[in-house]
Amino acid sequence: MESTDNYDFSIFSPRNRHGRKNRNVILTMLVIWAVAVFGFQFLLRAIEKPTPERSLTVFESIWPAAQTVDIASVDYKELLRSLVLVKGKNTVRPEDQKVLSDAISFIAFSVFPDDVRTSMLSGIEDLKSSRAGLAKATDQEYLNLKTLISATDKALSVASESYTGFAYGSLEAEIFVSSLAAQYPESFGDESFAALPGIMKLYLTHNQSVLTDTKFLGFPFHYFYTAVFLLIMFIVLCLVYNILIEWRLEKEGIVE
C-alpha cells in the first residue's frame, strides 16, 4: 500500500500516485507553454508575406531612369528621401552604409549649383577635421570643437535644404549631412552601385500578416501576444499549478 505521508518528489521517477499526478500536471503545463510560445511563432512564419515599404516602391519606380539620364531630370528628392530612410536604420551593415553614402553624395553633388557644391565640400572637410580633433581635445578646446561642428552642420543643412527638401533640425537633414562624402562614384552606372537595389529591398521589405497588422488594445496583435499575453499566461499557469497541487494534497491526505 502506498504511503500518503511521503511527499518526496522526482519528476523522472515518481515514487507514488501523488508523484505521478504531480508529474503529469507539470508536463501538461509545459506542453501548454510550449504550444503557446513556439506554436505562435510557427503560425506567424506560415502566414506571413513579404511586404515592401512605400519607399521601396518609390525607389524601384525611379531607379531605372536614374541610371540612364541626368539625375536632375528625375524625381531625385523622392529618390534621396528613400536612400536617407534606409541610411538611418541602425541595422544597416557597414558595407551597405558605404554604398548608401556614395549614392546620397552623388545625387546631392549632381544637383547642387557649383557655388553650393564648393561650399558643401569645404564644409564636409571642416567637419571631418573637427571630428578627428575631438578624440584628443580637452576642456575648452573640446567645447569649441563641438560648437564648430554644430555650426557647420547647421550651415550644411541650411545650404542644402532647398535642393533636398530636408528642413534644418529634422532627422532626415542630420542623416543626410552625416552621409555626405567628398569622394564618391561619378555616376549610377558605376559598378559599386550594382548592389543598391538589393540593399534597398533587404531593408525596406518586412514580413507581415493579419497577426502583425491587427491592432489589439492599441498594440499590434503579435506584440501584445508575445510581450503581454504570454507573461500573463505564465503567471496564470503557476497559479493553476499551485491550486491543483494543493487540491490534490488535501484530497489524498498528504501530510506536509
# chains A, B, ... in the order shown; residues from 1 in each chain; ligands from 1
call {"tool": "residues_around", "arguments": {"residues": "Pro220 in chain A", "least_positions_apart": "5", "cutoff": "12 Å", "atoms": "only C-alpha atoms", "output": "VMD selection string"}}
result
chain A and resid 208 to 215 225 to 228
call {"tool": "write_last_selection", "arguments": {"atoms": "N, CA, C and O atoms", "output": "PDB file, in the first residue's frame"}}
result
ATOM      1  N   GLN A 208       4.802  40.508 -43.133  1.00  0.00           N
ATOM      2  CA  GLN A 208       3.592  40.944 -42.451  1.00  0.00           C
ATOM      3  C   GLN A 208       2.475  39.935 -42.668  1.00  0.00           C
ATOM      4  O   GLN A 208       2.502  39.140 -43.607  1.00  0.00           O
ATOM      5  N   SER A 209       1.487  39.969 -41.754  1.00  0.00           N
ATOM      6  CA  SER A 209       0.326  39.094 -41.858  1.00  0.00           C
ATOM      7  C   SER A 209      -0.798  39.736 -41.061  1.00  0.00           C
ATOM      8  O   SER A 209      -0.635  40.806 -40.472  1.00  0.00           O
ATOM      9  N   VAL A 210      -1.944  39.050 -41.026  1.00  0.00           N
ATOM     10  CA  VAL A 210      -3.071  39.567 -40.252  1.00  0.00           C
ATOM     11  C   VAL A 210      -2.701  39.666 -38.772  1.00  0.00           C
ATOM     12  O   VAL A 210      -3.219  40.510 -38.040  1.00  0.00           O
ATOM     13  N   LEU A 211      -1.772  38.825 -38.306  1.00  0.00           N
ATOM     14  CA  LEU A 211      -1.379  38.851 -36.895  1.00  0.00           C
ATOM     15  C   LEU A 211      -0.508  40.066 -36.566  1.00  0.00           C
ATOM     16  O   LEU A 211      -0.468  40.508 -35.418  1.00  0.00           O
ATOM     17  N   THR A 212       0.200  40.596 -37.552  1.00  0.00           N
ATOM     18  CA  THR A 212       1.029  41.782 -37.313  1.00  0.00           C
ATOM     19  C   THR A 212       0.275  43.069 -37.633  1.00  0.00           C
ATOM     20  O   THR A 212       0.589  44.114 -37.078  1.00  0.00           O
ATOM     21  N   ASP A 213      -0.719  42.994 -38.524  1.00  0.00           N
ATOM     22  CA  ASP A 213      -1.441  44.198 -38.931  1.00  0.00           C
ATOM     23  C   ASP A 213      -2.629  44.517 -38.023  1.00  0.00           C
ATOM     24  O   ASP A 213      -3.060  45.661 -37.937  1.00  0.00           O
ATOM     25  N   THR A 214      -3.174  43.495 -37.363  1.00  0.00           N
ATOM     26  CA  THR A 214      -4.325  43.698 -36.481  1.00  0.00           C
ATOM     27  C   THR A 214      -3.897  44.387 -35.185  1.00  0.00           C
ATOM     28  O   THR A 214      -2.890  44.026 -34.583  1.00  0.00           O
ATOM     29  N   LYS A 215      -4.676  45.378 -34.772  1.00  0.00           N
ATOM     30  CA  LYS A 215      -4.389  46.095 -33.524  1.00  0.00           C
ATOM     31  C   LYS A 215      -5.272  45.550 -32.400  1.00  0.00           C
ATOM     32  O   LYS A 215      -6.470  45.309 -32.593  1.00  0.00           O
ATOM     33  N   TYR A 225       0.609  39.793 -27.931  1.00  0.00           N
ATOM     34  CA  TYR A 225       0.618  38.368 -27.584  1.00  0.00           C
ATOM     35  C   TYR A 225       1.936  37.960 -26.933  1.00  0.00           C
ATOM     36  O   TYR A 225       1.945  37.289 -25.893  1.00  0.00           O
ATOM     37  N   THR A 226       3.063  38.363 -27.542  1.00  0.00           N
ATOM     38  CA  THR A 226       4.367  37.925 -27.035  1.00  0.00           C
ATOM     39  C   THR A 226       4.825  38.719 -25.813  1.00  0.00           C
ATOM     40  O   THR A 226       5.481  38.160 -24.926  1.00  0.00           O
ATOM     41  N   ALA A 227       4.512  40.008 -25.756  1.00  0.00           N
ATOM     42  CA  ALA A 227       5.027  40.844 -24.668  1.00  0.00           C
ATOM     43  C   ALA A 227       4.101  40.899 -23.460  1.00  0.00           C
ATOM     44  O   ALA A 227       4.564  41.104 -22.335  1.00  0.00           O
ATOM     45  N   VAL A 228       2.795  40.705 -23.678  1.00  0.00           N
ATOM     46  CA  VAL A 228       1.834  40.850 -22.577  1.00  0.00           C
ATOM     47  C   VAL A 228       1.125  39.528 -22.275  1.00  0.00           C
ATOM     48  O   VAL A 228       1.186  39.025 -21.150  1.00  0.00           O
TER      49      VAL A 228
END
call {"tool": "closest_atom_pairs", "arguments": {"of": "range 161-246 of chain A", "to": "range 116-126 of chain A", "cutoff": "8 Å", "atoms": "only C-alpha atoms", "output": "CSV"}}
result
residue,atom,partner,partner_atom,distance
A:Leu180,CA,A:Ile124,CA,7.3
A:Ala181,CA,A:Ile124,CA,7.1
A:Ala182,CA,A:Leu121,CA,6.1
call {"tool": "write_last_selection", "arguments": {"atoms": "all heavy atoms", "output": "PDB file, in the first residue's frame"}}
result
ATOM      1  N   LEU A 180      27.178  62.613 -46.310  1.00  0.00           N
ATOM      2  CA  LEU A 180      27.914  63.213 -47.419  1.00  0.00           C
ATOM      3  C   LEU A 180      29.403  62.891 -47.343  1.00  0.00           C
ATOM      4  O   LEU A 180      30.010  62.927 -46.274  1.00  0.00           O
ATOM      5  CB  LEU A 180      27.724  64.734 -47.416  1.00  0.00           C
ATOM      6  CG  LEU A 180      26.301  65.231 -47.715  1.00  0.00           C
ATOM      7  CD1 LEU A 180      26.232  66.742 -47.577  1.00  0.00           C
ATOM      8  CD2 LEU A 180      25.866  64.788 -49.108  1.00  0.00           C
ATOM      9  N   ALA A 181      29.973  62.571 -48.501  1.00  0.00           N
ATOM     10  CA  ALA A 181      31.401  62.255 -48.599  1.00  0.00           C
ATOM     11  C   ALA A 181      31.989  63.039 -49.762  1.00  0.00           C
ATOM     12  O   ALA A 181      31.323  63.263 -50.782  1.00  0.00           O
ATOM     13  CB  ALA A 181      31.603  60.763 -48.809  1.00  0.00           C
ATOM     14  N   ALA A 182      33.228  63.466 -49.604  1.00  0.00           N
ATOM     15  CA  ALA A 182      33.885  64.247 -50.659  1.00  0.00           C
ATOM     16  C   ALA A 182      34.255  63.372 -51.854  1.00  0.00           C
ATOM     17  O   ALA A 182      34.330  63.845 -52.988  1.00  0.00           O
ATOM     18  CB  ALA A 182      35.120  64.933 -50.094  1.00  0.00           C
TER      19      ALA A 182
END
call {"tool": "closest_residue", "arguments": {"among": "A:Lys77, A:Lys201, A:Lys89, A:Lys146", "to": "Gly133 in chain A", "atoms": "only C-alpha atoms"}}
result
A:Lys146
call {"tool": "closest_residue", "arguments": {"among": "A:Ser61, A:Thr205, A:Ser187, A:Ser105", "to": "Val86 in chain A", "atoms": "only C-alpha atoms"}}
result
A:Thr205
call {"tool": "atom_distance", "arguments": {"atom1": "CA of Gln41 in chain A", "atom2": "CA of Leu56 in chain A"}}
result
26.6 Å
call {"tool": "atom_distance", "arguments": {"atom1": "CA of Thr91 in chain A", "atom2": "CA of Phe38 in chain A"}}
result
25.4 Å
call {"tool": "select_by_dssp", "arguments": {"residues": "range 75-189 of chain A", "states": "alpha helix (DSSP H)", "output": "JSON, numbers by chain"}}
result
{"A": [76, 77, 78, 79, 80, 81, 82, 83, 84, 85, 86, 87, 94, 95, 96, 97, 98, 99, 100, 101, 102, 103, 104, 105, 106, 107, 108, 109, 110, 111, 114, 115, 116, 117, 118, 119, 120, 121, 122, 123, 124, 125, 126, 127, 128, 129, 130, 131, 132, 133, 134, 139, 140, 141, 142, 143, 144, 145, 146, 147, 148, 149, 150, 151, 152, 153, 154, 155, 156, 157, 158, 159, 160, 161, 162, 163, 164, 171, 172, 173, 174, 175, 176, 177, 178, 179]}
call {"tool": "residues_around", "arguments": {"residues": "Tyr184 in chain A", "least_positions_apart": "6", "cutoff": "9 Å", "atoms": "only C-alpha atoms", "output": "PyMOL selection string"}}
result
chain A and resi 101-103+105-106
call {"tool": "select_by_dssp", "arguments": {"residues": "range 12-247 of chain A", "states": "strand (DSSP E)", "output": "compact mmCIF listing (two decimals) with all heavy atoms, in the first residue's frame"}}
result
# COMPACT_ATOMS: atom_id res chain seq x y z
N LYS A 49 3.79 37.26 -45.25
CA LYS A 49 4.15 37.52 -46.64
C LYS A 49 5.06 38.73 -46.71
O LYS A 49 4.84 39.71 -45.99
CB LYS A 49 2.89 37.76 -47.48
CG LYS A 49 1.99 36.56 -47.61
CD LYS A 49 0.80 36.88 -48.49
CE LYS A 49 -0.11 35.67 -48.66
NZ LYS A 49 -1.29 35.98 -49.51
N PRO A 50 6.10 38.70 -47.56
CA PRO A 50 6.99 39.86 -47.69
C PRO A 50 6.20 41.06 -48.21
O PRO A 50 5.53 40.97 -49.24
CB PRO A 50 8.03 39.39 -48.71
CG PRO A 50 7.96 37.90 -48.68
CD PRO A 50 6.53 37.57 -48.39
N THR A 51 6.28 42.18 -47.49
CA THR A 51 5.54 43.39 -47.86
C THR A 51 6.52 44.55 -47.96
O THR A 51 7.19 44.88 -46.99
CB THR A 51 4.47 43.71 -46.81
OG1 THR A 51 3.61 42.57 -46.64
CG2 THR A 51 3.64 44.91 -47.23
N PRO A 52 6.62 45.20 -49.13
CA PRO A 52 7.55 46.31 -49.29
C PRO A 52 7.02 47.59 -48.66
O PRO A 52 5.80 47.84 -48.67
CB PRO A 52 7.68 46.45 -50.81
CG PRO A 52 6.36 45.97 -51.32
CD PRO A 52 5.92 44.87 -50.39
N THR A 205 11.82 45.71 -46.97
CA THR A 205 10.82 44.64 -47.10
C THR A 205 10.66 43.94 -45.76
O THR A 205 11.66 43.54 -45.15
CB THR A 205 11.24 43.61 -48.17
OG1 THR A 205 11.45 44.29 -49.41
CG2 THR A 205 10.15 42.56 -48.35
N HIS A 206 9.43 43.82 -45.30
CA HIS A 206 9.17 43.22 -43.99
C HIS A 206 8.07 42.17 -44.11
O HIS A 206 7.12 42.34 -44.89
CB HIS A 206 8.74 44.30 -42.99
CG HIS A 206 9.66 45.47 -42.94
ND1 HIS A 206 10.90 45.43 -42.36
CD2 HIS A 206 9.53 46.72 -43.46
CE1 HIS A 206 11.50 46.61 -42.50
NE2 HIS A 206 10.68 47.41 -43.16
N ASN A 207 8.20 41.11 -43.36
CA ASN A 207 7.18 40.06 -43.36
C ASN A 207 5.99 40.52 -42.53
O ASN A 207 6.14 40.89 -41.36
CB ASN A 207 7.76 38.76 -42.79
CG ASN A 207 8.79 38.15 -43.71
OD1 ASN A 207 8.63 38.17 -44.93
ND2 ASN A 207 9.85 37.60 -43.15
N GLN A 208 4.80 40.51 -43.13
CA GLN A 208 3.59 40.94 -42.45
C GLN A 208 2.48 39.93 -42.67
O GLN A 208 2.50 39.14 -43.61
CB GLN A 208 3.15 42.32 -42.97
CG GLN A 208 4.10 43.45 -42.63
CD GLN A 208 3.64 44.78 -43.15
OE1 GLN A 208 4.39 45.53 -43.75
NE2 GLN A 208 2.37 45.09 -42.94
N LYS A 215 -4.68 45.38 -34.77
CA LYS A 215 -4.39 46.09 -33.52
C LYS A 215 -5.27 45.55 -32.40
O LYS A 215 -6.47 45.31 -32.59
CB LYS A 215 -4.65 47.59 -33.69
CG LYS A 215 -3.72 48.28 -34.67
CD LYS A 215 -2.30 48.32 -34.12
CE LYS A 215 -1.35 49.03 -35.07
NZ LYS A 215 -1.64 50.47 -35.16
N PHE A 216 -4.68 45.36 -31.22
CA PHE A 216 -5.41 44.89 -30.05
C PHE A 216 -4.98 45.72 -28.84
O PHE A 216 -3.80 45.74 -28.50
CB PHE A 216 -5.15 43.40 -29.80
CG PHE A 216 -5.95 42.82 -28.67
CD1 PHE A 216 -7.28 42.48 -28.87
CD2 PHE A 216 -5.39 42.62 -27.42
CE1 PHE A 216 -8.03 41.95 -27.82
CE2 PHE A 216 -6.13 42.09 -26.38
CZ PHE A 216 -7.46 41.75 -26.58
N PHE A 219 -2.02 47.89 -29.47
CA PHE A 219 -0.76 47.27 -29.86
C PHE A 219 -0.98 46.38 -31.10
O PHE A 219 -2.06 45.82 -31.27
CB PHE A 219 -0.20 46.37 -28.75
CG PHE A 219 0.11 47.09 -27.47
CD1 PHE A 219 -0.79 47.08 -26.41
CD2 PHE A 219 1.30 47.79 -27.32
CE1 PHE A 219 -0.51 47.74 -25.23
CE2 PHE A 219 1.60 48.44 -26.15
CZ PHE A 219 0.69 48.43 -25.09
N PRO A 220 0.05 46.23 -31.95
CA PRO A 220 -0.03 45.17 -32.96
C PRO A 220 -0.24 43.84 -32.25
O PRO A 220 0.39 43.58 -31.21
CB PRO A 220 1.34 45.24 -33.65
CG PRO A 220 1.83 46.62 -33.40
CD PRO A 220 1.30 47.01 -32.05
call {"tool": "atom_distance", "arguments": {"atom1": "CA of Ile149 in chain A", "atom2": "CA of Glu172 in chain A"}}
result
17.5 Å
call {"tool": "residues_around", "arguments": {"residues": "range 28-36 of chain A", "least_positions_apart": "5", "cutoff": "9 Å", "atoms": "only C-alpha atoms", "output": "PyMOL selection string"}}
result
chain A and resi 23+41+230+233-234+237-238+241
call {"tool": "residues_around", "arguments": {"residues": "Tyr76 in chain A", "least_positions_apart": "3", "cutoff": "9 Å", "atoms": "only C-alpha atoms", "output": "list of chain:residue names"}}
result
A:Ile62, A:Ala66, A:Ile71, A:Ala72, A:Ser73, A:Leu79, A:Leu80, A:Arg81, A:Ile107, A:Ala108, A:Val111, A:Thr164
call {"tool": "write_last_selection", "arguments": {"atoms": "all heavy atoms", "output": "PDB file, in the first residue's frame"}}
result
ATOM      1  N   ILE A  62      11.879  54.880 -59.677  1.00  0.00           N
ATOM      2  CA  ILE A  62      12.773  55.947 -60.130  1.00  0.00           C
ATOM      3  C   ILE A  62      14.132  55.409 -60.572  1.00  0.00           C
ATOM      4  O   ILE A  62      14.762  55.940 -61.491  1.00  0.00           O
ATOM      5  CB  ILE A  62      12.964  56.995 -59.019  1.00  0.00           C
ATOM      6  CG1 ILE A  62      11.621  57.587 -58.614  1.00  0.00           C
ATOM      7  CG2 ILE A  62      13.911  58.109 -59.459  1.00  0.00           C
ATOM      8  CD1 ILE A  62      11.706  58.513 -57.404  1.00  0.00           C
ATOM      9  N   ALA A  66      17.065  56.786 -63.297  1.00  0.00           N
ATOM     10  CA  ALA A  66      18.197  57.481 -62.661  1.00  0.00           C
ATOM     11  C   ALA A  66      19.530  56.940 -63.149  1.00  0.00           C
ATOM     12  O   ALA A  66      20.539  57.652 -63.140  1.00  0.00           O
ATOM     13  CB  ALA A  66      18.096  57.340 -61.143  1.00  0.00           C
ATOM     14  N   ILE A  71      20.433  63.003 -63.475  1.00  0.00           N
ATOM     15  CA  ILE A  71      19.733  62.792 -62.210  1.00  0.00           C
ATOM     16  C   ILE A  71      18.763  63.923 -61.902  1.00  0.00           C
ATOM     17  O   ILE A  71      17.725  63.727 -61.252  1.00  0.00           O
ATOM     18  CB  ILE A  71      20.753  62.612 -61.044  1.00  0.00           C
ATOM     19  CG1 ILE A  71      20.048  62.084 -59.794  1.00  0.00           C
ATOM     20  CG2 ILE A  71      21.450  63.917 -60.733  1.00  0.00           C
ATOM     21  CD1 ILE A  71      19.504  60.709 -59.934  1.00  0.00           C
ATOM     22  N   ALA A  72      19.050  65.124 -62.382  1.00  0.00           N
ATOM     23  CA  ALA A  72      18.176  66.261 -62.110  1.00  0.00           C
ATOM     24  C   ALA A  72      16.855  66.163 -62.857  1.00  0.00           C
ATOM     25  O   ALA A  72      15.894  66.862 -62.520  1.00  0.00           O
ATOM     26  CB  ALA A  72      18.884  67.560 -62.474  1.00  0.00           C
ATOM     27  N   SER A  73      16.781  65.296 -63.870  1.00  0.00           N
ATOM     28  CA  SER A  73      15.567  65.176 -64.671  1.00  0.00           C
ATOM     29  C   SER A  73      14.571  64.171 -64.088  1.00  0.00           C
ATOM     30  O   SER A  73      13.454  64.051 -64.589  1.00  0.00           O
ATOM     31  CB  SER A  73      15.916  64.773 -66.100  1.00  0.00           C
ATOM     32  OG  SER A  73      16.484  63.471 -66.131  1.00  0.00           O
ATOM     33  N   LEU A  79      13.866  60.012 -54.499  1.00  0.00           N
ATOM     34  CA  LEU A  79      14.928  59.007 -54.507  1.00  0.00           C
ATOM     35  C   LEU A  79      15.871  59.224 -53.332  1.00  0.00           C
ATOM     36  O   LEU A  79      16.250  58.273 -52.625  1.00  0.00           O
ATOM     37  CB  LEU A  79      15.697  59.076 -55.825  1.00  0.00           C
ATOM     38  CG  LEU A  79      16.839  58.067 -56.016  1.00  0.00           C
ATOM     39  CD1 LEU A  79      16.315  56.641 -55.951  1.00  0.00           C
ATOM     40  CD2 LEU A  79      17.562  58.315 -57.333  1.00  0.00           C
ATOM     41  N   LEU A  80      16.222  60.469 -53.103  1.00  0.00           N
ATOM     42  CA  LEU A  80      17.112  60.815 -51.999  1.00  0.00           C
ATOM     43  C   LEU A  80      16.464  60.490 -50.656  1.00  0.00           C
ATOM     44  O   LEU A  80      17.113  59.968 -49.738  1.00  0.00           O
ATOM     45  CB  LEU A  80      17.457  62.300 -52.077  1.00  0.00           C
ATOM     46  CG  LEU A  80      18.612  62.817 -51.215  1.00  0.00           C
ATOM     47  CD1 LEU A  80      19.914  62.101 -51.572  1.00  0.00           C
ATOM     48  CD2 LEU A  80      18.770  64.330 -51.398  1.00  0.00           C
ATOM     49  N   ARG A  81      15.180  60.769 -50.549  1.00  0.00           N
ATOM     50  CA  ARG A  81      14.461  60.500 -49.295  1.00  0.00           C
ATOM     51  C   ARG A  81      14.454  59.004 -48.979  1.00  0.00           C
ATOM     52  O   ARG A  81      14.622  58.605 -47.819  1.00  0.00           O
ATOM     53  CB  ARG A  81      13.041  61.036 -49.390  1.00  0.00           C
ATOM     54  CG  ARG A  81      12.237  60.947 -48.083  1.00  0.00           C
ATOM     55  CD  ARG A  81      10.893  61.642 -48.213  1.00  0.00           C
ATOM     56  NE  ARG A  81      11.060  63.061 -48.463  1.00  0.00           N
ATOM     57  CZ  ARG A  81      11.281  63.955 -47.511  1.00  0.00           C
ATOM     58  NH1 ARG A  81      11.346  63.567 -46.246  1.00  0.00           N
ATOM     59  NH2 ARG A  81      11.409  65.232 -47.819  1.00  0.00           N
ATOM     60  N   ILE A 107      23.946  61.999 -55.713  1.00  0.00           N
ATOM     61  CA  ILE A 107      22.730  62.753 -56.036  1.00  0.00           C
ATOM     62  C   ILE A 107      22.876  64.211 -55.609  1.00  0.00           C
ATOM     63  O   ILE A 107      22.581  65.140 -56.377  1.00  0.00           O
ATOM     64  CB  ILE A 107      21.507  62.121 -55.350  1.00  0.00           C
ATOM     65  CG1 ILE A 107      21.242  60.724 -55.905  1.00  0.00           C
ATOM     66  CG2 ILE A 107      20.271  62.998 -55.538  1.00  0.00           C
ATOM     67  CD1 ILE A 107      20.137  59.977 -55.187  1.00  0.00           C
ATOM     68  N   ALA A 108      23.332  64.413 -54.371  1.00  0.00           N
ATOM     69  CA  ALA A 108      23.430  65.770 -53.829  1.00  0.00           C
ATOM     70  C   ALA A 108      24.365  66.643 -54.670  1.00  0.00           C
ATOM     71  O   ALA A 108      23.981  67.743 -55.103  1.00  0.00           O
ATOM     72  CB  ALA A 108      23.909  65.722 -52.385  1.00  0.00           C
ATOM     73  N   VAL A 111      23.121  67.744 -58.204  1.00  0.00           N
ATOM     74  CA  VAL A 111      22.063  68.749 -58.359  1.00  0.00           C
ATOM     75  C   VAL A 111      22.431  70.097 -57.752  1.00  0.00           C
ATOM     76  O   VAL A 111      21.793  71.111 -58.056  1.00  0.00           O
ATOM     77  CB  VAL A 111      20.739  68.238 -57.744  1.00  0.00           C
ATOM     78  CG1 VAL A 111      20.277  66.970 -58.449  1.00  0.00           C
ATOM     79  CG2 VAL A 111      20.879  67.986 -56.255  1.00  0.00           C
ATOM     80  N   THR A 164      17.194  69.528 -51.340  1.00  0.00           N
ATOM     81  CA  THR A 164      16.870  68.190 -50.829  1.00  0.00           C
ATOM     82  C   THR A 164      15.468  68.083 -50.242  1.00  0.00           C
ATOM     83  O   THR A 164      14.887  67.000 -50.216  1.00  0.00           O
ATOM     84  CB  THR A 164      17.878  67.775 -49.742  1.00  0.00           C
ATOM     85  OG1 THR A 164      17.739  68.664 -48.615  1.00  0.00           O
ATOM     86  CG2 THR A 164      19.307  67.841 -50.270  1.00  0.00           C
TER      87      THR A 164
END
call {"tool": "closest_residue", "arguments": {"among": "A:Ser55, A:Gln183, A:Ser130, A:Gln97", "to": "Thr147 in chain A", "atoms": "only C-alpha atoms"}}
result
A:Ser130
call {"tool": "residues_around", "arguments": {"residues": "Glu95 in chain A", "least_positions_apart": "3", "cutoff": "12 Å", "atoms": "only C-alpha atoms", "output": "list in words"}}
result
Lys87, Thr91, Val92, Lys98, Val99, Leu100, Ser101, Asp102, Ser192, Phe193, Ala195, Leu196 and Ile199 of chain A
call {"tool": "closest_residue", "arguments": {"among": "A:Asp96, A:Ala151, A:Gly39, A:Trp63", "to": "Tyr203 in chain A", "atoms": "only C-alpha atoms"}}
result
A:Asp96
call {"tool": "decode", "arguments": {"residues": "range 133-153 of chain A", "atoms": "C-alpha atoms", "output": "compact mmCIF listing (two decimals), in the first residue's frame"}}
result
# COMPACT_ATOMS: atom_id res chain seq x y z
CA GLY A 133 40.22 66.54 -33.29
CA LEU A 134 37.58 65.66 -30.71
CA ALA A 135 39.44 62.49 -29.69
CA LYS A 136 42.42 64.45 -28.37
CA ALA A 137 40.71 67.71 -27.35
CA THR A 138 40.13 68.57 -23.71
CA ASP A 139 38.28 71.23 -21.73
CA GLN A 140 37.65 74.44 -23.65
CA GLU A 141 39.14 73.13 -26.87
CA TYR A 142 36.64 70.28 -26.82
CA LEU A 143 33.73 72.66 -26.25
CA ASN A 144 34.95 74.92 -29.06
CA LEU A 145 35.12 71.99 -31.46
CA LYS A 146 31.62 70.86 -30.50
CA THR A 147 30.32 74.37 -31.16
CA LEU A 148 32.13 74.48 -34.50
CA ILE A 149 30.70 71.09 -35.52
CA SER A 150 27.15 72.20 -34.65
CA ALA A 151 27.58 75.43 -36.60
CA THR A 152 28.96 73.60 -39.63
CA ASP A 153 26.16 71.02 -39.52
